[in-house]
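So this one's run.cif, mmCIF, C-alpha atoms:
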data_coords
loop_
_atom_site.label_atom_id
_atom_site.label_comp_id
_atom_site.auth_asym_id
_atom_site.auth_seq_id
_atom_site.Cartn_x
_atom_site.Cartn_y
_atom_site.Cartn_z
CA CYS A 13 -88.17 -38.31 -111.30
CA THR A 14 -87.46 -41.41 -109.26
CA PRO A 15 -86.85 -45.08 -109.95
CA GLY A 16 -89.99 -47.13 -109.86
CA LEU A 17 -93.28 -47.39 -111.64
CA GLY A 18 -95.25 -44.50 -113.05
CA LYS A 19 -94.36 -40.85 -113.21
CA PRO A 20 -94.58 -39.46 -109.68
CA GLU A 21 -94.89 -35.76 -109.08
CA CYS A 22 -91.63 -34.25 -107.88
CA TYR A 23 -90.83 -30.96 -106.22
CA CYS A 24 -87.78 -29.10 -104.91
CA VAL A 25 -87.38 -27.54 -101.46
CA VAL A 26 -84.84 -24.76 -100.85
CA SER A 27 -83.66 -24.37 -97.27
CA TYR A 28 -80.99 -22.72 -95.19
CA MET A 29 -80.33 -22.39 -91.48
CA ASP A 30 -82.47 -25.54 -91.05
CA THR A 31 -85.56 -23.75 -92.37
CA ASP A 32 -87.48 -24.47 -95.58
CA VAL A 33 -87.77 -21.15 -97.41
CA PHE A 34 -89.26 -22.18 -100.76
CA LYS A 35 -91.04 -25.15 -102.34
CA THR A 36 -91.63 -25.48 -106.06
CA GLY A 37 -94.89 -26.68 -107.48
CA PRO A 38 -95.06 -30.37 -108.41
CA SER A 39 -93.95 -31.53 -111.84
CA SER A 40 -94.74 -34.84 -113.54
CA ASP A 41 -94.57 -33.89 -117.22
CA SER A 42 -91.18 -35.47 -117.92
CA ALA A 43 -88.72 -38.11 -116.82
CA ASP A 44 -86.42 -35.17 -116.13
CA PHE A 45 -87.71 -32.99 -113.31
CA LEU A 46 -87.85 -29.45 -114.67
CA CYS A 47 -88.78 -26.41 -112.68
CA ARG A 48 -88.55 -22.92 -114.12
CA GLU A 49 -89.49 -21.10 -110.95
CA GLU A 50 -87.55 -18.15 -109.58
CA VAL A 51 -87.41 -17.18 -105.94
CA GLN A 52 -85.88 -14.21 -104.17
CA LEU A 53 -84.46 -14.96 -100.73
CA ASN A 54 -84.95 -11.62 -98.99
CA ASP A 55 -83.76 -12.76 -95.60
CA TYR A 56 -80.72 -14.76 -96.76
CA VAL A 57 -77.87 -14.54 -94.24
CA ARG A 58 -74.53 -14.09 -96.00
CA GLY A 59 -72.13 -16.96 -95.35
CA GLU A 60 -74.84 -19.60 -94.98
CA PRO A 61 -74.98 -22.61 -97.35
CA LEU A 62 -78.12 -23.38 -99.32
CA GLU A 63 -79.64 -26.85 -99.43
CA LEU A 64 -81.82 -28.04 -102.29
CA SER A 65 -83.75 -31.29 -101.87
CA ILE A 66 -85.76 -33.15 -104.48
CA PHE A 67 -88.79 -35.02 -103.19
CA THR A 68 -91.47 -37.16 -104.78
CA GLU A 69 -95.11 -37.28 -103.71
CA GLU A 70 -94.85 -41.04 -103.17
CA ALA A 71 -92.64 -42.87 -100.68
CA ILE A 72 -89.51 -44.55 -102.02
CA TRP A 73 -88.64 -48.05 -100.86
CA SER A 74 -85.53 -48.17 -98.68
CA PRO A 75 -83.69 -51.20 -97.26
CA CYS A 76 -83.32 -49.16 -94.04
CA PRO A 77 -86.79 -47.67 -93.48
CA ASN A 78 -85.80 -46.09 -90.15
CA ASP A 79 -82.59 -44.48 -91.41
CA GLY A 80 -83.74 -40.94 -90.53
CA ILE A 81 -84.12 -39.97 -94.19
CA PRO A 82 -87.59 -38.83 -95.30
CA ALA A 83 -89.32 -41.65 -97.18
CA ASN A 84 -89.97 -39.44 -100.20
CA LEU A 85 -86.48 -37.87 -100.55
CA VAL A 86 -84.94 -38.52 -103.98
CA GLY A 87 -81.69 -36.55 -103.53
CA ARG A 88 -80.17 -33.35 -102.19
CA VAL A 89 -77.22 -31.02 -102.54
CA THR A 90 -75.73 -28.53 -100.11
CA ILE A 91 -74.13 -25.53 -101.82
CA PRO A 92 -71.33 -23.81 -99.88
CA PRO A 93 -71.70 -20.00 -99.85
CA ASP A 94 -68.36 -19.39 -101.59
CA VAL A 95 -69.76 -21.15 -104.67
CA PHE A 96 -72.57 -18.61 -105.27
CA GLN A 97 -72.75 -15.56 -103.01
CA ASP A 98 -70.31 -13.16 -104.71
CA ASP A 99 -70.65 -13.92 -108.43
CA GLY A 100 -73.66 -16.23 -108.55
CA PHE A 101 -73.71 -19.68 -110.06
CA ASN A 102 -74.79 -21.23 -113.35
CA GLY A 103 -74.15 -24.93 -113.79
CA ASP A 104 -74.77 -28.47 -112.65
CA LEU A 105 -74.31 -29.80 -109.14
CA PRO A 106 -74.20 -33.51 -108.24
CA LEU A 107 -77.08 -34.67 -106.07
CA ASP A 108 -76.43 -36.91 -103.10
CA MET A 109 -78.94 -39.56 -104.12
CA ARG A 110 -80.92 -41.82 -101.83
CA ASP A 111 -80.13 -44.69 -104.22
CA PRO A 112 -76.31 -44.98 -104.41
CA ASP A 113 -76.55 -46.63 -107.84
CA VAL A 114 -78.17 -43.55 -109.36
CA ARG A 115 -76.18 -40.53 -110.49
CA ALA A 116 -78.07 -37.28 -111.03
CA PHE A 117 -77.35 -33.57 -111.25
CA LEU A 118 -79.28 -30.42 -110.51
CA ARG A 119 -78.93 -27.59 -113.03
CA LEU A 120 -79.19 -24.33 -111.17
CA ARG A 121 -78.79 -20.59 -111.69
CA ILE A 122 -78.21 -18.25 -108.77
CA LYS A 123 -78.13 -14.49 -109.31
CA PRO A 124 -76.57 -12.33 -106.60
CA GLU A 125 -78.44 -9.20 -105.62
CA GLY A 126 -77.80 -6.34 -108.02
CA LYS A 127 -76.05 -8.51 -110.63
CA ASP A 128 -77.00 -10.49 -113.72
CA TYR A 129 -77.07 -14.26 -113.92
CA PRO A 130 -73.64 -15.73 -114.71
CA PRO A 131 -73.22 -16.97 -118.31
CA GLU A 132 -74.20 -20.51 -119.31
CA PRO A 133 -71.45 -23.13 -119.09
CA PHE A 134 -69.62 -23.61 -122.41
CA PRO A 135 -70.93 -26.87 -124.00
CA VAL A 136 -67.80 -27.67 -126.07
CA PHE A 137 -64.70 -29.24 -124.55
CA GLY A 138 -61.73 -31.42 -125.48
CA LEU A 139 -61.52 -35.00 -124.29
CA THR A 140 -59.02 -37.85 -124.43
CA VAL A 141 -60.19 -41.34 -123.47
CA ARG A 142 -58.03 -44.46 -123.41
CA ARG A 143 -59.51 -47.93 -123.72
CA GLU A 144 -58.26 -51.49 -123.60
CA PRO A 145 -58.19 -53.39 -126.91
CA GLY A 146 -61.52 -55.13 -127.43
CA THR A 147 -63.38 -52.67 -125.19
CA ARG A 148 -66.25 -50.80 -126.81
CA PHE A 149 -66.34 -47.02 -126.92
CA GLY A 150 -70.13 -47.13 -126.54
CA VAL A 151 -70.86 -43.93 -128.40
CA ASP A 152 -72.87 -43.02 -131.51
CA ILE A 153 -71.29 -40.14 -133.41
CA ASP A 154 -72.06 -37.87 -136.33
CA THR A 155 -69.13 -36.63 -138.46
CA ARG A 156 -71.09 -35.41 -141.49
CA ASP A 157 -69.61 -31.91 -141.53
CA GLY A 158 -66.08 -33.34 -141.89
CA LYS A 159 -64.68 -31.06 -139.18
CA ASN A 160 -66.37 -31.95 -135.92
CA LEU A 161 -67.45 -35.05 -134.06
CA TYR A 162 -70.92 -34.79 -132.53
CA VAL A 163 -72.00 -37.28 -129.88
CA ILE A 164 -75.59 -38.28 -130.59
CA GLY A 165 -75.94 -41.25 -128.24
CA ILE A 166 -74.25 -43.15 -125.41
CA LYS A 167 -74.36 -46.94 -124.99
CA ARG A 168 -72.60 -49.33 -122.63
CA GLY A 169 -68.84 -48.89 -123.01
CA ILE A 170 -65.86 -46.77 -121.97
CA PHE A 171 -67.85 -43.51 -122.19
CA THR A 172 -70.41 -44.85 -119.71
CA GLN A 173 -67.54 -45.32 -117.26
CA TYR A 174 -66.14 -41.88 -118.14
CA ASN A 175 -69.53 -40.18 -117.58
CA TRP A 176 -69.96 -41.87 -114.19
CA ASN A 177 -66.77 -40.21 -112.90
CA ALA A 178 -66.92 -36.88 -114.75
CA ARG A 179 -68.38 -33.59 -113.51
CA ALA A 180 -71.73 -32.86 -115.15
CA GLU A 181 -70.40 -30.13 -117.45
CA LYS A 182 -67.75 -32.54 -118.80
CA GLN A 183 -70.06 -35.49 -119.50
CA LEU A 184 -71.02 -36.60 -122.97
#

Could you spell out this file's structure in structure tokens?
Amino acid sequence: CTPGLGKPECYCVVSYMDTDVFKTGPSSDSADFLCREEVQLNDYVRGEPLELSIFTEEAIWSPCPNDGIPANLVGRVTIPPDVFQDDGFNGDLPLDMRDPDVRAFLRLRIKPEGKDYPPEPFPVFGLTVRREPGTRFGVDIDTRDGKNLYVIGIKRGIFTQYNWNARAEKQL
């Protein structure tokens, strides 16, 4: 869940109006924090953003220990109300990470009251990438069906740079 040694237990806190309204149970079963909990926010005030914060049970080293950020905060995202309150949300949101060299996303589904969850994001998209001669693409592909190109691995190269700047749903 966080850079460092071991596999620390991580959890997510949902808050709005400066109040924590839900905390997931801890998870340490994977390098990718996964929580399949569902919460109903009965007292949600329409027009208020939601904030989701990922924490670890252990403190994270910081070059500025008194920077006002909790020592165990991994990353957080604030979701403006216009993103989710009318039609819900189903997708990936970039986390504002404590470590600026780490890029991470939070996959989230929000269902508005009385409606179904929005559909999953479509996993197929077109892409054009230009590279300088001698620059590696940095991608392992599978073309066995003769019609499609399937990305099966990413290495250092132009696609690493592309992924760093792309929205989560457009990354390889």

Top pick for closest residue to Ser65 (chain A), considering A:Leu139, A:Leu161, A:Val33, A:Leu53 and counting all atoms listed in the file: A:Val33

Step by step, gather every atom of region 53-67 of chain A that the file lists, find the box along x, y and z that holds them, add 8 Å on each side, and finally give centre and edge lengths in Å to one decimal, as AutoDock Vina command-line options.
--center_x -80.5 --center_y -23.3 --center_z -99.4 --size_x 32.7 --size_y 39.4 --size_z 26.2

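Restricting the calculation to all atoms listed in the file, the smallest distance between Pro38 (chain A) and any of A:Thr147, A:Thr68, A:Asn102, A:Thr90 is found for A:Thr68.
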
Selection under test: the PyMOL selection byres ((chain A and resi 181) around 12); residues as a PyMOL selection string: chain A and resi 102-106+117-119+132-138+175+177-180+182-184

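The residue that comes closest to Gly37 (chain A), out of A:Ile91, A:Val141, A:Val25, A:Ile153 and on the basis of all atoms listed in the file, is A:Val25.
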
Å distance separating CA of Gly59 (chain A) from CA of Gly126 (chain A), one decimal place: 17.5 Å

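Using all atoms listed in the file, the shortest contact distance between Glu49 (chain A) and any of A:Arg121, A:Arg142, A:Arg168, A:Arg110 is found at A:Arg121.
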
The PyMOL selection byres ((chain A and resi 58) around 12) resolved against shown file, as a PyMOL selection string: chain A and resi 28-29+53-57+59-62+92-94+96-98+124-125

Contact residues around Cys24 (chain A) with all atoms listed in the file at 8 Å, ignoring same-chain residues under 5 positions, as a PyMOL selection string: chain A and resi 35-37+64-67

I need the residues from that last selection saved to file as an mmCIF file, keeping the file's coordinate frame (with C-alpha atoms), if you can.
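Dumped to result08.cif:
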data_model
loop_
_atom_site.group_PDB
_atom_site.id
_atom_site.type_symbol
_atom_site.label_atom_id
_atom_site.label_comp_id
_atom_site.auth_asym_id
_atom_site.auth_seq_id
_atom_site.Cartn_x
_atom_site.Cartn_y
_atom_site.Cartn_z
ATOM 1 C CA LYS A 35 -91.040 -25.150 -102.340
ATOM 2 C CA THR A 36 -91.630 -25.480 -106.060
ATOM 3 C CA GLY A 37 -94.890 -26.680 -107.480
ATOM 4 C CA LEU A 64 -81.820 -28.040 -102.290
ATOM 5 C CA SER A 65 -83.750 -31.290 -101.870
ATOM 6 C CA ILE A 66 -85.760 -33.150 -104.480
ATOM 7 C CA PHE A 67 -88.790 -35.020 -103.190
#

Atom pair CA of Gly150 (chain A) / CA of Ile170 (chain A): separation (Å): 6.3 Å

Proximity to Val51 (chain A) - best of A:Asp108, A:Lys123, A:Gln173, A:Glu144, all atoms listed in the file: A:Lys123

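The space separating CA of Arg115 (chain A) from CA of Tyr162 (chain A) comes to 23.4 Å.
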
Counting only C-alpha atoms, the option among A:Thr31, A:Val95, A:Tyr129, A:Gly87 closest to Asp111 (chain A): A:Gly87

Sphere at (-69.9, -43.9, -132.8), radius 9 Å, counting only C-alpha atoms: residues as a PyMOL selection string: chain A and resi 149-154+163-166
